[in-house]
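So the structure is just underneath, and the comments pick up after that.
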Amino acid sequence: APLTIMTLNLKIERGQRTFDVQLGENATVAELKQKIYDNTKSKKMVPERQRLALPVKPGTTDKDGKPVRPAALVDEKKLSDYSINNGDTLLLKDLGPQIGWTTVFFWEYFGPLICYAFLFLRPSFVYGLGASSKPYSDVVRIALFCWWGHYAKRILETFFVHRFSKGTMPLFNLFKNCSYYWGFALYVAYFVNHPLYTPPGDITFSLGGSPITIRGSTRIVAGLTMFLVCELLNFITHIQLRNLRPAGTRIRRVPRGILFSYMSCPNYLFEILSWVGFTLMTQTMAGFLFMVAGAGQMAIWAAGKHRNYRKEFTGLNGTERYPRSRKALIPFLF
């Protein structure tokens, strides 16, 4: 395609600059970012740190009356898709130091493996010299394998299953995510592996005048079964999400399949239920709080993804129409 000289005004957080860039008529946003970096040669202007957006008139609101914020331009789209012409103004924001998603995911999942194993294998370092002489109960050993299995699965999925829509994220996320996962790993492991920990016991209650006993072993088996089944279903949904995006692309499609029939994020639901099973099996307050914190965060993520699906797939301009009957996380409810 023939090259043309395009003059663009870039509004940056600390002022405004005018760039003359030479681009083809089918140039993409990614090519424009590279040209901006070539013109500046600044480390703060590498393409991964740039966020380009079209300005929005002050006071513009959506159908719900909420202020419209400038939406980031998608790297793979052409400038012509956004009707960007010579002399136009774009908003440029420095996203700060970036790091690869794969790197962040590896370290945030590798840490819990080491933290949990340390308290299990070296209890005397934490609980005192006499801790090593007390044998672990079966449920403590099962909990170790469940914990390790979950995070080993997450690491393997990071390298061999997931296809990320973005290549990088802010460097700060590495420290934030690791603090959450590593901290909770130590918190949960401290109480499950504690020398004074006792496995779930029998519960007896009266129903209609007749005593009913629920064995502790029954709750352990039920929790373990729930954990394993939900981990498998979580893995299946990750495979289905992977198959939506061809390798090397950032294509987005409407998720299909029986697990997606009634909810947008079954992967989050099954992960939450996995930790419900872990909590039922181990019955510690630390495990319960970890499950609640994770469920709250995944509910927020699910709501956001559900909202984005509905905005993106409207059935207009050749896009698929997102099923209106789907909920974000819990079928028929939320």
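Residue numbers start at 1 in each chain; chains themselves are named A, B, ... in the order of the structure tokens; ligands are numbered from 1 in the order shown.
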
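Every protein, DNA or RNA residue with an atom at most 10 Å from segment 173-176 of chain A, where only C-alpha atoms count and chain neighbours fewer than 2 positions away do not, is listed here: Gln98, Ile99, Gly100, Trp101, Thr103, Val104, Phe105, Phe106, Trp107, Glu108, Met169, Pro170, Leu171, Cys178, Ser179, Tyr180 and Tyr181 of chain A.
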
Skip Gly294 of chain A itself and residues of its chain fewer than 6 positions away, then list as JSON, numbers by chain all residues within 9 Å of it, counting only C-alpha atoms. {"A": [271, 272, 275]}

Quick one: write out the picked residues with all heavy atoms as a compact mmCIF listing (two decimals), in the first residue's frame?
# COMPACT_ATOMS: atom_id res chain seq x y z
N GLU A 271 -14.14 -22.64 39.88
CA GLU A 271 -13.00 -22.43 40.78
C GLU A 271 -13.51 -22.08 42.18
O GLU A 271 -12.96 -22.56 43.18
CB GLU A 271 -12.08 -21.32 40.26
CG GLU A 271 -10.91 -21.07 41.19
CD GLU A 271 -9.70 -20.45 40.51
OE1 GLU A 271 -9.69 -20.36 39.28
OE2 GLU A 271 -8.76 -20.08 41.24
N ILE A 272 -14.53 -21.25 42.25
CA ILE A 272 -15.11 -20.93 43.56
C ILE A 272 -15.60 -22.20 44.25
O ILE A 272 -15.33 -22.43 45.44
CB ILE A 272 -16.26 -19.93 43.41
CG1 ILE A 272 -15.73 -18.57 42.94
CG2 ILE A 272 -17.02 -19.77 44.72
CD1 ILE A 272 -16.82 -17.59 42.53
N TRP A 275 -12.94 -24.34 45.83
CA TRP A 275 -12.48 -23.91 47.15
C TRP A 275 -13.56 -24.08 48.21
O TRP A 275 -13.25 -24.22 49.40
CB TRP A 275 -11.99 -22.47 47.08
CG TRP A 275 -10.74 -22.36 46.27
CD1 TRP A 275 -10.55 -21.67 45.11
CD2 TRP A 275 -9.49 -23.02 46.53
NE1 TRP A 275 -9.28 -21.85 44.63
CE2 TRP A 275 -8.60 -22.67 45.49
CE3 TRP A 275 -9.03 -23.85 47.54
CZ2 TRP A 275 -7.28 -23.14 45.44
CZ3 TRP A 275 -7.73 -24.33 47.49
CH2 TRP A 275 -6.87 -23.97 46.45

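Considering the residues A:Gly216, A:Pro266, A:Gly96, A:Pro255 and counting only C-alpha atoms, Asn234 of chain A has its shortest atom-to-atom contact with A:Pro266.
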
Give me every helix (DSSP H, G or I) residue in segment 60-248 of chain A, going by DSSP on the backbone, as a compact mmCIF listing (two decimals) with N, CA, C and O atoms, in the first residue's frame.
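Contents of selection34.txt, freshly written:
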# COMPACT_ATOMS: atom_id res chain seq x y z
N LEU A 79 -6.49 2.13 11.41
CA LEU A 79 -6.83 3.51 11.76
C LEU A 79 -8.12 3.93 11.07
O LEU A 79 -8.92 4.70 11.61
N SER A 80 -8.32 3.40 9.86
CA SER A 80 -9.54 3.75 9.11
C SER A 80 -10.79 3.21 9.80
O SER A 80 -11.89 3.76 9.63
N ASP A 81 -10.66 2.14 10.59
CA ASP A 81 -11.81 1.62 11.32
C ASP A 81 -12.33 2.64 12.33
O ASP A 81 -13.51 2.61 12.70
N TYR A 82 -11.43 3.51 12.78
CA TYR A 82 -11.82 4.54 13.74
C TYR A 82 -12.01 5.91 13.07
O TYR A 82 -12.18 6.91 13.76
N TRP A 101 2.14 -11.26 30.89
CA TRP A 101 1.12 -11.99 31.65
C TRP A 101 1.64 -13.35 32.10
O TRP A 101 1.39 -13.77 33.23
N THR A 102 2.34 -14.04 31.22
CA THR A 102 2.84 -15.37 31.56
C THR A 102 3.78 -15.32 32.75
O THR A 102 3.72 -16.16 33.65
N THR A 103 4.66 -14.31 32.77
CA THR A 103 5.60 -14.15 33.89
C THR A 103 4.87 -13.92 35.19
O THR A 103 5.18 -14.53 36.22
N VAL A 104 3.87 -13.02 35.17
CA VAL A 104 3.11 -12.72 36.39
C VAL A 104 2.37 -13.96 36.87
O VAL A 104 2.40 -14.30 38.07
N PHE A 105 1.70 -14.65 35.95
CA PHE A 105 0.94 -15.83 36.34
C PHE A 105 1.84 -16.91 36.92
O PHE A 105 1.47 -17.57 37.90
N PHE A 106 3.02 -17.09 36.33
CA PHE A 106 3.92 -18.13 36.85
C PHE A 106 4.29 -17.83 38.31
O PHE A 106 4.18 -18.71 39.17
N TRP A 107 4.73 -16.61 38.58
CA TRP A 107 5.21 -16.30 39.93
C TRP A 107 4.09 -16.26 40.94
O TRP A 107 4.27 -16.68 42.10
N GLU A 108 2.90 -15.80 40.54
CA GLU A 108 1.81 -15.76 41.52
C GLU A 108 1.31 -17.16 41.85
O GLU A 108 0.75 -17.37 42.93
N TYR A 109 1.50 -18.13 40.95
CA TYR A 109 1.08 -19.50 41.21
C TYR A 109 2.20 -20.37 41.78
O TYR A 109 1.94 -21.33 42.50
N PHE A 110 3.45 -20.04 41.43
CA PHE A 110 4.57 -20.82 41.94
C PHE A 110 4.76 -20.57 43.44
O PHE A 110 5.08 -21.49 44.20
N GLY A 111 4.54 -19.34 43.86
CA GLY A 111 4.71 -18.99 45.27
C GLY A 111 3.86 -19.83 46.21
O GLY A 111 4.38 -20.35 47.22
N PRO A 112 2.55 -19.99 45.95
CA PRO A 112 1.73 -20.81 46.84
C PRO A 112 2.19 -22.26 46.94
O PRO A 112 2.01 -22.89 47.99
N LEU A 113 2.78 -22.80 45.88
CA LEU A 113 3.32 -24.17 45.96
C LEU A 113 4.43 -24.24 47.01
O LEU A 113 4.46 -25.14 47.85
N ILE A 114 5.35 -23.29 46.94
CA ILE A 114 6.50 -23.29 47.84
C ILE A 114 6.07 -22.95 49.27
O ILE A 114 6.50 -23.60 50.24
N CYS A 115 5.23 -21.93 49.42
CA CYS A 115 4.81 -21.51 50.77
C CYS A 115 4.08 -22.64 51.50
O CYS A 115 4.37 -22.91 52.68
N TYR A 116 3.14 -23.28 50.82
CA TYR A 116 2.36 -24.34 51.46
C TYR A 116 3.25 -25.54 51.78
O TYR A 116 3.17 -26.12 52.88
N ALA A 117 4.11 -25.90 50.83
CA ALA A 117 4.99 -27.06 51.04
C ALA A 117 5.97 -26.81 52.18
O ALA A 117 6.31 -27.73 52.94
N PHE A 118 6.44 -25.57 52.33
CA PHE A 118 7.40 -25.26 53.39
C PHE A 118 6.80 -25.53 54.76
O PHE A 118 7.44 -26.16 55.62
N LEU A 119 5.56 -25.08 54.98
CA LEU A 119 4.94 -25.30 56.29
C LEU A 119 4.62 -26.78 56.52
O LEU A 119 4.62 -27.24 57.66
N PHE A 120 4.36 -27.52 55.44
CA PHE A 120 4.06 -28.95 55.58
C PHE A 120 5.33 -29.74 55.84
O PHE A 120 5.35 -30.64 56.70
N LEU A 121 6.41 -29.44 55.12
CA LEU A 121 7.64 -30.23 55.20
C LEU A 121 8.56 -29.80 56.33
O LEU A 121 9.37 -30.60 56.81
N SER A 124 8.77 -27.57 62.10
CA SER A 124 9.55 -27.13 63.26
C SER A 124 10.05 -25.69 63.10
O SER A 124 10.30 -25.00 64.09
N PHE A 125 10.19 -25.22 61.86
CA PHE A 125 10.64 -23.85 61.63
C PHE A 125 9.59 -22.84 62.08
O PHE A 125 9.92 -21.70 62.40
N VAL A 126 8.33 -23.26 62.10
CA VAL A 126 7.23 -22.33 62.39
C VAL A 126 6.60 -22.62 63.74
O VAL A 126 6.35 -21.70 64.53
N TYR A 127 6.36 -23.91 64.03
CA TYR A 127 5.60 -24.28 65.23
C TYR A 127 6.47 -24.69 66.41
O TYR A 127 5.96 -24.92 67.50
N LEU A 129 10.23 -27.03 67.78
CA LEU A 129 10.96 -28.27 67.53
C LEU A 129 10.09 -29.51 67.67
O LEU A 129 10.30 -30.51 66.99
N GLY A 130 9.11 -29.49 68.54
CA GLY A 130 8.31 -30.69 68.74
C GLY A 130 7.28 -30.94 67.66
O GLY A 130 6.66 -32.01 67.62
N ALA A 131 7.10 -29.99 66.73
CA ALA A 131 6.04 -30.14 65.73
C ALA A 131 6.31 -31.28 64.76
O ALA A 131 5.38 -31.93 64.28
N SER A 132 7.58 -31.54 64.47
CA SER A 132 7.91 -32.58 63.49
C SER A 132 7.57 -33.98 63.98
O SER A 132 7.42 -34.91 63.17
N SER A 133 7.45 -34.16 65.29
CA SER A 133 7.21 -35.50 65.83
C SER A 133 5.73 -35.90 65.77
O SER A 133 5.41 -37.08 65.94
N ASP A 138 -4.81 -37.88 57.71
CA ASP A 138 -5.02 -38.10 56.27
C ASP A 138 -5.54 -36.85 55.58
O ASP A 138 -5.13 -36.54 54.45
N VAL A 139 -6.43 -36.11 56.21
CA VAL A 139 -7.02 -34.95 55.56
C VAL A 139 -5.98 -33.86 55.32
O VAL A 139 -6.05 -33.12 54.33
N VAL A 140 -4.98 -33.76 56.20
CA VAL A 140 -3.92 -32.77 56.00
C VAL A 140 -3.09 -33.13 54.78
O VAL A 140 -2.72 -32.26 53.97
N ARG A 141 -2.82 -34.42 54.61
CA ARG A 141 -2.07 -34.87 53.42
C ARG A 141 -2.90 -34.67 52.15
O ARG A 141 -2.37 -34.25 51.12
N ILE A 142 -4.18 -34.97 52.23
CA ILE A 142 -5.06 -34.77 51.07
C ILE A 142 -5.12 -33.30 50.70
O ILE A 142 -5.07 -32.94 49.52
N ALA A 143 -5.21 -32.42 51.70
CA ALA A 143 -5.26 -30.98 51.45
C ALA A 143 -4.00 -30.50 50.74
O ALA A 143 -4.06 -29.66 49.84
N LEU A 144 -2.84 -31.06 51.12
CA LEU A 144 -1.59 -30.70 50.46
C LEU A 144 -1.65 -31.04 48.98
O LEU A 144 -1.30 -30.21 48.12
N PHE A 145 -2.09 -32.25 48.66
CA PHE A 145 -2.15 -32.67 47.26
C PHE A 145 -3.18 -31.86 46.48
O PHE A 145 -2.97 -31.54 45.30
N CYS A 146 -4.28 -31.49 47.11
CA CYS A 146 -5.28 -30.66 46.44
C CYS A 146 -4.70 -29.27 46.14
O CYS A 146 -4.87 -28.74 45.05
N TRP A 147 -4.05 -28.70 47.13
CA TRP A 147 -3.46 -27.38 46.96
C TRP A 147 -2.39 -27.39 45.87
O TRP A 147 -2.38 -26.55 44.97
N TRP A 148 -1.52 -28.37 45.96
CA TRP A 148 -0.46 -28.48 44.95
C TRP A 148 -1.05 -28.78 43.58
O TRP A 148 -0.59 -28.24 42.57
N GLY A 149 -2.03 -29.64 43.51
CA GLY A 149 -2.64 -29.97 42.23
C GLY A 149 -3.26 -28.76 41.57
O GLY A 149 -3.13 -28.57 40.35
N HIS A 150 -3.93 -27.93 42.37
CA HIS A 150 -4.59 -26.74 41.81
C HIS A 150 -3.56 -25.79 41.20
O HIS A 150 -3.71 -25.36 40.04
N TYR A 151 -2.51 -25.48 41.95
CA TYR A 151 -1.56 -24.48 41.46
C TYR A 151 -0.63 -25.04 40.39
O TYR A 151 -0.18 -24.30 39.51
N ALA A 152 -0.33 -26.33 40.45
CA ALA A 152 0.42 -26.95 39.35
C ALA A 152 -0.40 -26.90 38.07
O ALA A 152 0.13 -26.63 36.98
N LYS A 153 -1.69 -27.17 38.18
CA LYS A 153 -2.60 -27.07 37.03
C LYS A 153 -2.60 -25.65 36.47
O LYS A 153 -2.55 -25.46 35.24
N ARG A 154 -2.66 -24.65 37.33
CA ARG A 154 -2.69 -23.27 36.88
C ARG A 154 -1.40 -22.89 36.15
O ARG A 154 -1.43 -22.17 35.15
N ILE A 155 -0.26 -23.39 36.63
CA ILE A 155 1.00 -23.09 35.95
C ILE A 155 1.04 -23.75 34.57
O ILE A 155 1.43 -23.12 33.57
N LEU A 156 0.63 -25.01 34.50
CA LEU A 156 0.62 -25.70 33.21
C LEU A 156 -0.35 -25.04 32.24
O LEU A 156 -0.06 -24.91 31.04
N GLU A 157 -1.50 -24.58 32.74
CA GLU A 157 -2.46 -23.88 31.88
C GLU A 157 -1.87 -22.57 31.37
O GLU A 157 -2.10 -22.18 30.22
N THR A 158 -1.10 -21.89 32.21
CA THR A 158 -0.48 -20.63 31.81
C THR A 158 0.43 -20.81 30.61
O THR A 158 0.42 -20.00 29.68
N PHE A 159 1.20 -21.89 30.60
CA PHE A 159 2.17 -22.11 29.52
C PHE A 159 1.58 -22.83 28.31
O PHE A 159 2.02 -22.60 27.17
N PHE A 160 0.58 -23.70 28.52
CA PHE A 160 0.14 -24.56 27.43
C PHE A 160 -1.33 -24.41 27.03
O PHE A 160 -1.74 -24.99 26.01
N PHE A 172 3.37 -3.32 38.52
CA PHE A 172 2.86 -3.30 39.89
C PHE A 172 1.99 -4.52 40.18
O PHE A 172 1.94 -5.01 41.32
N ASN A 173 1.30 -5.03 39.15
CA ASN A 173 0.43 -6.19 39.34
C ASN A 173 1.18 -7.42 39.82
O ASN A 173 0.61 -8.28 40.50
N LEU A 174 2.46 -7.53 39.46
CA LEU A 174 3.25 -8.68 39.92
C LEU A 174 3.32 -8.69 41.44
O LEU A 174 3.10 -9.73 42.07
N PHE A 175 3.60 -7.55 42.04
CA PHE A 175 3.73 -7.47 43.49
C PHE A 175 2.36 -7.58 44.18
O PHE A 175 2.24 -8.23 45.22
N LYS A 176 1.35 -6.97 43.58
CA LYS A 176 0.01 -7.03 44.15
C LYS A 176 -0.52 -8.46 44.13
O LYS A 176 -1.01 -8.97 45.15
N ASN A 177 -0.41 -9.14 42.99
CA ASN A 177 -0.94 -10.50 42.87
C ASN A 177 -0.16 -11.48 43.74
O ASN A 177 -0.75 -12.36 44.38
N CYS A 178 1.16 -11.35 43.75
CA CYS A 178 1.97 -12.26 44.56
C CYS A 178 1.68 -12.07 46.05
O CYS A 178 1.66 -13.05 46.81
N SER A 179 1.46 -10.84 46.47
CA SER A 179 1.14 -10.59 47.88
C SER A 179 -0.14 -11.31 48.27
O SER A 179 -0.22 -11.92 49.35
N TYR A 180 -1.12 -11.27 47.39
CA TYR A 180 -2.41 -11.92 47.68
C TYR A 180 -2.25 -13.44 47.74
O TYR A 180 -2.63 -14.08 48.74
N TYR A 181 -1.71 -14.03 46.68
CA TYR A 181 -1.63 -15.49 46.61
C TYR A 181 -0.63 -16.07 47.62
O TYR A 181 -0.92 -17.09 48.27
N TRP A 182 0.53 -15.47 47.73
CA TRP A 182 1.53 -15.99 48.66
C TRP A 182 1.07 -15.80 50.10
O TRP A 182 1.26 -16.69 50.94
N GLY A 183 0.47 -14.65 50.38
CA GLY A 183 0.00 -14.39 51.75
C GLY A 183 -1.08 -15.36 52.18
O GLY A 183 -1.04 -15.91 53.28
N PHE A 184 -2.06 -15.60 51.30
CA PHE A 184 -3.12 -16.53 51.65
C PHE A 184 -2.60 -17.96 51.74
O PHE A 184 -3.11 -18.77 52.52
N ALA A 185 -1.60 -18.31 50.92
CA ALA A 185 -1.03 -19.65 50.99
C ALA A 185 -0.42 -19.90 52.37
O ALA A 185 -0.63 -20.95 52.98
N LEU A 186 0.32 -18.92 52.88
CA LEU A 186 0.90 -19.05 54.22
C LEU A 186 -0.18 -19.09 55.30
O LEU A 186 -0.09 -19.86 56.26
N TYR A 187 -1.21 -18.28 55.11
CA TYR A 187 -2.30 -18.19 56.10
C TYR A 187 -3.05 -19.52 56.19
O TYR A 187 -3.27 -20.06 57.28
N VAL A 188 -3.45 -20.06 55.05
CA VAL A 188 -4.21 -21.32 55.03
C VAL A 188 -3.32 -22.47 55.51
O VAL A 188 -3.74 -23.29 56.34
N ALA A 189 -2.09 -22.53 55.00
CA ALA A 189 -1.19 -23.63 55.36
C ALA A 189 -0.85 -23.61 56.84
O ALA A 189 -0.69 -24.68 57.46
N TYR A 190 -0.75 -22.43 57.44
CA TYR A 190 -0.40 -22.33 58.85
C TYR A 190 -1.41 -23.09 59.72
O TYR A 190 -1.03 -23.83 60.64
N PHE A 191 -2.69 -22.93 59.41
CA PHE A 191 -3.72 -23.55 60.25
C PHE A 191 -4.00 -25.00 59.87
O PHE A 191 -4.24 -25.84 60.74
N VAL A 192 -3.95 -25.33 58.59
CA VAL A 192 -4.21 -26.72 58.18
C VAL A 192 -3.09 -27.64 58.64
O VAL A 192 -3.32 -28.79 59.04
N GLY A 216 -17.52 -37.23 60.15
CA GLY A 216 -16.48 -36.33 59.65
C GLY A 216 -15.87 -36.84 58.36
O GLY A 216 -15.55 -36.06 57.46
N SER A 217 -15.71 -38.17 58.27
CA SER A 217 -15.14 -38.76 57.05
C SER A 217 -16.04 -38.53 55.85
O SER A 217 -15.56 -38.37 54.72
N THR A 218 -17.35 -38.46 56.08
CA THR A 218 -18.30 -38.19 54.99
C THR A 218 -18.10 -36.79 54.45
O THR A 218 -18.10 -36.57 53.23
N ARG A 219 -17.90 -35.83 55.35
CA ARG A 219 -17.69 -34.45 54.91
C ARG A 219 -16.35 -34.32 54.17
O ARG A 219 -16.24 -33.55 53.21
N ILE A 220 -15.35 -35.06 54.60
CA ILE A 220 -14.06 -35.03 53.91
C ILE A 220 -14.20 -35.57 52.50
O ILE A 220 -13.73 -34.96 51.53
N VAL A 221 -14.86 -36.71 52.36
CA VAL A 221 -15.04 -37.31 51.03
C VAL A 221 -15.89 -36.41 50.14
O VAL A 221 -15.58 -36.21 48.95
N ALA A 222 -16.94 -35.81 50.71
CA ALA A 222 -17.80 -34.91 49.93
C ALA A 222 -17.02 -33.69 49.46
O ALA A 222 -17.13 -33.27 48.29
N GLY A 223 -16.21 -33.11 50.35
CA GLY A 223 -15.42 -31.95 49.98
C GLY A 223 -14.38 -32.27 48.93
O GLY A 223 -14.18 -31.51 47.98
N LEU A 224 -13.71 -33.42 49.09
CA LEU A 224 -12.69 -33.83 48.12
C LEU A 224 -13.32 -34.09 46.75
O LEU A 224 -12.79 -33.67 45.71
N THR A 225 -14.46 -34.77 46.74
CA THR A 225 -15.16 -35.05 45.47
C THR A 225 -15.55 -33.76 44.77
O THR A 225 -15.37 -33.60 43.56
N MET A 226 -16.10 -32.84 45.55
CA MET A 226 -16.49 -31.54 44.99
C MET A 226 -15.29 -30.80 44.42
O MET A 226 -15.36 -30.22 43.32
N PHE A 227 -14.18 -30.82 45.14
CA PHE A 227 -12.97 -30.15 44.68
C PHE A 227 -12.49 -30.74 43.35
O PHE A 227 -12.22 -30.00 42.39
N LEU A 228 -12.39 -32.06 43.27
CA LEU A 228 -11.86 -32.71 42.07
C LEU A 228 -12.77 -32.51 40.86
O LEU A 228 -12.29 -32.22 39.75
N VAL A 229 -14.07 -32.66 41.05
CA VAL A 229 -15.01 -32.50 39.94
C VAL A 229 -14.97 -31.07 39.40
O VAL A 229 -14.94 -30.83 38.19
N CYS A 230 -14.96 -30.10 40.30
CA CYS A 230 -14.97 -28.70 39.88
C CYS A 230 -13.63 -28.29 39.25
O CYS A 230 -13.61 -27.46 38.34
N GLU A 231 -12.53 -28.86 39.71
CA GLU A 231 -11.25 -28.59 39.07
C GLU A 231 -11.26 -29.11 37.63
O GLU A 231 -10.75 -28.45 36.71
N LEU A 232 -11.86 -30.28 37.42
CA LEU A 232 -11.96 -30.83 36.07
C LEU A 232 -12.83 -29.95 35.18
O LEU A 232 -12.48 -29.64 34.04
N LEU A 233 -13.98 -29.51 35.70
CA LEU A 233 -14.87 -28.65 34.92
C LEU A 233 -14.22 -27.30 34.63
O LEU A 233 -14.40 -26.73 33.54
N ASN A 234 -13.45 -26.78 35.58
CA ASN A 234 -12.71 -25.54 35.36
C ASN A 234 -11.72 -25.70 34.22
O ASN A 234 -11.58 -24.83 33.35
N PHE A 235 -11.01 -26.84 34.20
CA PHE A 235 -10.05 -27.12 33.13
C PHE A 235 -10.75 -27.22 31.77
O PHE A 235 -10.26 -26.68 30.77
N ILE A 236 -11.90 -27.86 31.73
CA ILE A 236 -12.65 -28.00 30.47
C ILE A 236 -13.04 -26.64 29.93
O ILE A 236 -12.94 -26.37 28.72
N THR A 237 -13.50 -25.73 30.80
CA THR A 237 -13.90 -24.40 30.33
C THR A 237 -12.68 -23.63 29.81
O THR A 237 -12.79 -22.87 28.84
N HIS A 238 -11.52 -23.83 30.42
CA HIS A 238 -10.31 -23.16 29.93
C HIS A 238 -9.94 -23.67 28.54
O HIS A 238 -9.49 -22.88 27.70
N ILE A 239 -10.11 -24.96 28.30
CA ILE A 239 -9.85 -25.50 26.97
C ILE A 239 -10.84 -24.91 25.96
O ILE A 239 -10.46 -24.55 24.83
N GLN A 240 -12.10 -24.79 26.34
CA GLN A 240 -13.10 -24.21 25.43
C GLN A 240 -12.78 -22.76 25.12
O GLN A 240 -12.92 -22.31 23.98
N LEU A 241 -12.32 -22.00 26.12
CA LEU A 241 -11.96 -20.60 25.88
C LEU A 241 -10.73 -20.51 24.98
O LEU A 241 -10.64 -19.63 24.11
N ARG A 242 -9.80 -21.43 25.16
CA ARG A 242 -8.61 -21.44 24.31
C ARG A 242 -9.00 -21.65 22.85
O ARG A 242 -8.46 -21.01 21.94
N ASN A 243 -9.92 -22.56 22.61
CA ASN A 243 -10.30 -22.89 21.25
C ASN A 243 -11.05 -21.78 20.54
O ASN A 243 -11.23 -21.83 19.32
N LEU A 244 -11.49 -20.76 21.28
CA LEU A 244 -12.16 -19.62 20.66
C LEU A 244 -11.18 -18.71 19.94
O LEU A 244 -11.57 -17.95 19.05

Could you give me, as a PyMOL selection string, the residues within 7 Å of segment 321-331 of chain A, counting only C-alpha atoms and dropping anything in the same chain fewer than 5 positions from it? chain A and resi 254+261-266+269+299+302-303+306+309-310+313-315

Please compute the atom CA of Pro200 of chain A-atom CA of Met281 of chain A distance, one decimal, in Å. 7.5 Å
